[in-house]
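What follows is a short report on a single structure.
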Amino acid sequence: MSCSSGGSQLLAGGTELQQSLPPLESLRAPAELLNTATDGAEFTSKSDNAAIDGTALSLSSTQQDPSWGIWQLVPADDEEVVNLQVLLDVSAGNEAWIALANHSSGRWDFSGPHSGGFSLELDQASHVSEAGSVFVAVLAAGGDSLDVLRLLLRTDRRGWQPLQLETGGSSVGAMAIFDMNGRPAIAFQHVEAGDMTLNIALCDDALGLSQTDWSFVSVDATDGAGAFVDAMLVDGKPAIAYQRGATGDMYYIRSATAGGADSADWNNPVEIMSEGEVGLWPSMAIVLGNPAICFQDSTEFDLWYTRSSDADGEQEADWLTRQPIDDFMISDAGTCLRIVDGNPAVTCYHAGAGGIRYRRSSSSTGSLLSDWLEYVDIPKGGQPVAGQTRIVVSDGRPAVLSTNPFSRYLLYSQSSTADGMQLEDWPEDPLAFTESGFVNLLIAATEIDGRPAAAIHDFGANAIRFLHCNSPDGMAGGTAGWTESTVVASGASPLVDMAEVGSRPVLAWAGGNKLFYAVLLD
């Protein structure tokens, strides 16, 4: 390294400067959180001849005594450091030295001399201490003087990024998260002073990492709206299937605009069914270009399927064809509608079978009752099954997820064929995920990056956990073929939903009567 003319006899080899700074062992104190943009005056320590000048730190050295400051920068636990920019005010004829604490070598890494600001590349293993801090020193020597204006730490965020959404309500009810033209959106029941209405949370960013990215719109202010809910894009516009809890009727609503950002966009709710207590656990899919909904009836314990005759489903006449495709439903267990090998398929917990019943329509629309005559009661391998069931389609084959109500294991079973309509298509024993703790009966599942994934509520810790298979074949490698991560370690309620947005998993859940969102950054 070169030396400034004013301090050449002092800086040869950097030995004197190395000795002028505190040893790295003294910097291993617990971290204190600082902003990623840190003013010069926000130093951790300084030499006696360094002085605060407004928001800057002024360094004024002599031929014998260097002047220095040290800053402690703290990235978040889920952030990986990338680089550090040091902004300096160095007048003509003066120079600065910059040193990074290297915790691998136990020494300071010097850079310089510099006549102005400088950017330093950072290495996570070497430059981040055991306590999670980056320490940087700026020095003036040999009679040089300068001001340290600001330090900017650039990081790469990784892992799960949970965010509490300030909805303005006192609590939340049912929810459904979905991909809205490359951005996350959440339909949810908004509870305020006892009034329960249907709202939607809209995000103007692909990741939604900040509260300011989100806005909230009232969709249906009828009391009890959104007691059960599912949502998706229908012909490019957001649409929601939901129950009006006060009357127990099934409704569908589609925004008049692609953005759905105004309550006036949501002024056309369509009644689908009102006979009995209906609309429980709706599940939506696009079936041969038109929206379709599967839902439960807690009066007759039937499972209903209906497909709109139109691509937008905005008229009651679009939904006149509906079929009760199964009975013996348990009203506190959800259902799931997906497209399997080109045709609609449904899975649910069936009381008569005592487990998972899987039906796939024999036609591409499922519009006739005769389309739904065939079914398979999926083998349980001695594992009792209860609660919600979920279908994912991975490696071109359907799979189902559910919960053992006694052991509280998550169960996964994948068909060996594309349609799964023969008993022998399904393995005798499902995978039982014992690592997931106390799995609640309410689960979420979808495909992420072409591989099956699940989100569960661990009621032992009130945590949300995410499981992702390492290959499209969810049965390959057993449970060891899946990776588990914790989204949030505590404070979560049982309601959880999941979707894929931009090849990333996004989650929504309730916790402490609030609505939460998370996205996985990698």
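Note on naming: chains are A, B, ... as they come in the structure tokens, residues start from 1 per chain, ligands start from 1 in the order shown.
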Give me the residues within 8 Å of A:Met475 as number ranges by chain, counting only C-alpha atoms and dropping any in the same chain fewer than 3 places off.
-> A: 412-414, 431, 478-479, 481
Test item: residues at most 6 Å from stretch 339-348 of chain A, only C-alpha atoms, excluding those fewer than 6 positions along its chain, as a PyMOL selection string | chain A and resi 356-361+364+389+418-419
Each stretch 236-285 of chain A residue no farther than 10 Å from stretch 305-327 of chain A, nearest pair in Å, only C-alpha atoms, as a tab-separated table:
residue	atom	partner	partner_atom	distance
A:Gly236	CA	A:Asp312	CA	9.4
A:Lys237	CA	A:Asp312	CA	8.8
A:Ala239	CA	A:Asp312	CA	8.9
A:Tyr251	CA	A:Glu316	CA	9.7
A:Tyr252	CA	A:Glu314	CA	8.0
A:Ile253	CA	A:Glu314	CA	7.1
A:Arg254	CA	A:Glu314	CA	6.8
A:Ser255	CA	A:Glu314	CA	9.4
A:Ala256	CA	A:Glu314	CA	9.6
A:Asn268	CA	A:Glu314	CA	7.3
A:Pro269	CA	A:Glu314	CA	7.8
A:Val270	CA	A:Glu316	CA	5.6
A:Glu271	CA	A:Glu316	CA	6.3
A:Ile272	CA	A:Trp319	CA	6.2
A:Met273	CA	A:Trp319	CA	8.9
A:Pro282	CA	A:Tyr305	CA	9.7
A:Ser283	CA	A:Tyr305	CA	9.6
A:Met284	CA	A:Arg307	CA	9.6
A:Ala285	CA	A:Arg307	CA	9.2
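Proximity ranking of A:Val496, A:Ala193, A:Ala227, A:Cys469 relative to A:Ile177 places A:Val496 first, based on only C-alpha atoms.
You can rank A:Ile443, A:Leu410, A:Leu423, A:Leu521 by their closest distance to A:Gly334 using only C-alpha atoms, and at the top of that list sits A:Ile443.
Using only C-alpha atoms, the nearest neighbour of A:Gly491 within the list A:Asn470, A:Gln164, A:Asn290, A:Asn404 is A:Gln164.
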Once DSSP has gone over the backbone, tell me which residues of stretch 101-325 of chain A are in strand (DSSP E), as JSON, numbers by chain.
-> {"A": [101, 102, 107, 108, 109, 110, 111, 112, 113, 114, 118, 119, 120, 121, 134, 135, 136, 137, 138, 139, 140, 145, 146, 147, 148, 149, 150, 151, 152, 153, 154, 155, 156, 157, 159, 160, 161, 162, 163, 164, 165, 171, 172, 173, 174, 175, 176, 177, 178, 179, 180, 183, 184, 185, 186, 187, 188, 189, 190, 191, 192, 195, 196, 197, 198, 199, 200, 201, 202, 203, 214, 215, 216, 217, 218, 219, 220, 225, 226, 227, 228, 229, 230, 231, 232, 233, 234, 237, 238, 239, 240, 241, 242, 243, 244, 249, 250, 251, 252, 253, 254, 270, 271, 272, 273, 278, 279, 280, 281, 282, 283, 284, 285, 286, 287, 290, 291, 292, 293, 294, 295, 296, 297, 302, 303, 304, 305, 306, 307, 322, 323, 324, 325]}
Using only C-alpha atoms, which of the listed residues (A:Leu368, A:Ala141, A:Ala453, A:Ala246) sits closest to A:Asn49?
->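 Selected residue with least distance to A:Asn49: A:Ala141.
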Which one of A:Phe406, A:Phe301, A:Trp281, A:Phe516 sits closest to A:Ala201 if you count only C-alpha atoms?
->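 Going through A:Phe406, A:Phe301, A:Trp281, A:Phe516 one by one, the smallest distance to A:Ala201 is for A:Phe516.
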Could you give me, as a PyMOL selection string, the residues within 8 Å of A:His457, counting only C-alpha atoms and dropping anything in the same chain fewer than 2 positions from it?
-> chain A and resi 438-440+442-443+455+459+462-465+492-496
Keeping only all heavy atoms, write the selected residues to a file as a short mmCIF file (atom, residue, chain, number, x, y, z; two decimals), in the first residue's frame.
data_model
loop_
_atom_site.label_atom_id
_atom_site.label_comp_id
_atom_site.auth_asym_id
_atom_site.auth_seq_id
_atom_site.Cartn_x
_atom_site.Cartn_y
_atom_site.Cartn_z
N PHE A 438 -46.36 -29.84 16.70
CA PHE A 438 -47.79 -30.03 16.87
C PHE A 438 -48.52 -29.37 15.70
O PHE A 438 -48.81 -28.18 15.72
CB PHE A 438 -48.23 -29.42 18.20
CG PHE A 438 -47.53 -30.00 19.39
CD1 PHE A 438 -46.37 -29.42 19.89
CD2 PHE A 438 -48.02 -31.15 20.01
CE1 PHE A 438 -45.72 -29.95 20.99
CE2 PHE A 438 -47.37 -31.69 21.11
CZ PHE A 438 -46.22 -31.09 21.59
N VAL A 439 -48.86 -30.15 14.69
CA VAL A 439 -49.46 -29.60 13.48
C VAL A 439 -50.94 -29.37 13.70
O VAL A 439 -51.69 -30.29 14.03
CB VAL A 439 -49.23 -30.53 12.28
CG1 VAL A 439 -49.86 -29.92 11.03
CG2 VAL A 439 -47.74 -30.76 12.07
N ASN A 440 -51.38 -28.13 13.47
CA ASN A 440 -52.79 -27.82 13.58
C ASN A 440 -53.56 -28.47 12.44
O ASN A 440 -52.99 -28.84 11.41
CB ASN A 440 -52.99 -26.30 13.55
CG ASN A 440 -54.26 -25.89 14.25
OD1 ASN A 440 -55.35 -26.16 13.79
ND2 ASN A 440 -54.10 -25.24 15.40
N LEU A 442 -55.59 -27.04 10.50
CA LEU A 442 -55.67 -26.10 9.37
C LEU A 442 -54.29 -25.97 8.74
O LEU A 442 -53.34 -25.53 9.39
CB LEU A 442 -56.17 -24.74 9.84
CG LEU A 442 -57.49 -24.73 10.60
CD1 LEU A 442 -57.85 -23.33 11.03
CD2 LEU A 442 -58.60 -25.34 9.75
N ILE A 443 -54.16 -26.37 7.48
CA ILE A 443 -52.87 -26.35 6.80
C ILE A 443 -53.03 -25.64 5.45
O ILE A 443 -54.13 -25.43 4.96
CB ILE A 443 -52.31 -27.77 6.58
CG1 ILE A 443 -53.29 -28.61 5.72
CG2 ILE A 443 -52.05 -28.46 7.91
CD1 ILE A 443 -52.77 -29.98 5.37
N ALA A 455 -47.41 -25.15 4.45
CA ALA A 455 -47.26 -24.24 5.59
C ALA A 455 -48.19 -24.73 6.68
O ALA A 455 -49.36 -25.03 6.42
CB ALA A 455 -47.59 -22.80 5.19
N PHE A 459 -49.00 -25.58 16.97
CA PHE A 459 -49.70 -25.02 18.12
C PHE A 459 -48.95 -25.25 19.43
O PHE A 459 -49.31 -24.68 20.46
CB PHE A 459 -51.13 -25.55 18.22
CG PHE A 459 -51.25 -27.03 18.49
CD1 PHE A 459 -51.20 -27.54 19.78
CD2 PHE A 459 -51.44 -27.92 17.45
CE1 PHE A 459 -51.31 -28.89 20.03
CE2 PHE A 459 -51.56 -29.28 17.70
CZ PHE A 459 -51.49 -29.76 18.98
N ASN A 462 -47.02 -22.02 18.87
CA ASN A 462 -47.72 -20.97 18.13
C ASN A 462 -46.82 -20.38 17.05
O ASN A 462 -46.74 -19.17 16.86
CB ASN A 462 -48.23 -19.88 19.07
CG ASN A 462 -49.51 -20.30 19.78
OD1 ASN A 462 -50.31 -21.05 19.23
ND2 ASN A 462 -49.71 -19.81 20.98
N ALA A 463 -46.15 -21.28 16.34
CA ALA A 463 -45.21 -20.90 15.29
C ALA A 463 -45.81 -21.25 13.92
O ALA A 463 -46.72 -22.08 13.81
CB ALA A 463 -43.88 -21.64 15.46
N ILE A 464 -45.30 -20.58 12.89
CA ILE A 464 -45.63 -20.94 11.51
C ILE A 464 -44.38 -21.55 10.90
O ILE A 464 -43.29 -20.97 10.94
CB ILE A 464 -46.06 -19.71 10.68
CG1 ILE A 464 -47.30 -19.06 11.29
CG2 ILE A 464 -46.33 -20.11 9.24
CD1 ILE A 464 -48.54 -19.91 11.26
N ARG A 465 -44.54 -22.75 10.32
CA ARG A 465 -43.40 -23.44 9.72
C ARG A 465 -43.70 -23.74 8.25
O ARG A 465 -44.84 -23.94 7.86
CB ARG A 465 -43.07 -24.71 10.48
CG ARG A 465 -42.90 -24.48 11.99
CD ARG A 465 -42.14 -25.60 12.66
NE ARG A 465 -42.24 -25.51 14.11
CZ ARG A 465 -41.53 -24.70 14.86
NH1 ARG A 465 -40.67 -23.88 14.28
NH2 ARG A 465 -41.67 -24.68 16.17
N ALA A 492 -48.33 -16.81 16.61
CA ALA A 492 -49.23 -17.01 15.47
C ALA A 492 -50.49 -17.76 15.90
O ALA A 492 -50.47 -18.59 16.80
CB ALA A 492 -48.52 -17.78 14.37
N SER A 493 -51.59 -17.47 15.21
CA SER A 493 -52.85 -18.17 15.41
C SER A 493 -53.00 -19.24 14.33
O SER A 493 -52.25 -19.27 13.36
CB SER A 493 -54.01 -17.17 15.36
OG SER A 493 -53.89 -16.22 16.40
N PRO A 494 -54.00 -20.15 14.46
CA PRO A 494 -54.08 -21.29 13.55
C PRO A 494 -54.32 -20.95 12.08
O PRO A 494 -53.93 -21.71 11.21
CB PRO A 494 -55.26 -22.10 14.11
CG PRO A 494 -55.32 -21.73 15.55
CD PRO A 494 -54.92 -20.30 15.60
N LEU A 495 -54.98 -19.83 11.78
CA LEU A 495 -55.30 -19.53 10.39
C LEU A 495 -54.03 -19.21 9.60
O LEU A 495 -53.28 -18.30 9.95
CB LEU A 495 -56.25 -18.34 10.32
CG LEU A 495 -57.67 -18.57 10.85
CD1 LEU A 495 -58.45 -17.27 10.83
CD2 LEU A 495 -58.39 -19.64 10.05
N VAL A 496 -53.80 -19.93 8.50
CA VAL A 496 -52.63 -19.69 7.66
C VAL A 496 -52.98 -20.05 6.23
O VAL A 496 -53.74 -20.98 5.97
CB VAL A 496 -51.40 -20.51 8.15
CG1 VAL A 496 -51.70 -22.00 8.10
CG2 VAL A 496 -50.16 -20.17 7.34
#
Atom CA of A:Thr197 to atom CA of A:Ala508, distance in Å rounded to a single decimal =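 Result for atom CA of A:Thr197 versus atom CA of A:Ala508: 17.8 Å, one decimal.
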Atom CA of A:Val74 to atom CA of A:Ala131, distance in Å rounded to a single decimal |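 Taking atom CA of A:Val74 and atom CA of A:Ala131, their separation equals 9.1 Å.
Considering only C-alpha atoms, the residue among A:Arg408, A:Val128, A:Leu520, A:Glu484 positioned nearest to A:Gly460 is A:Arg408.
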Å distance separating atom CA of A:Ser20 from atom CA of A:Thr55, one decimal place = 24.3 Å
Among the residues of stretch 15-206 of chain A, find those DSSP assigns to alpha helix (DSSP H) from the backbone and print them as a VMD selection string.
-> chain A and resid 15 to 20 124 to 127
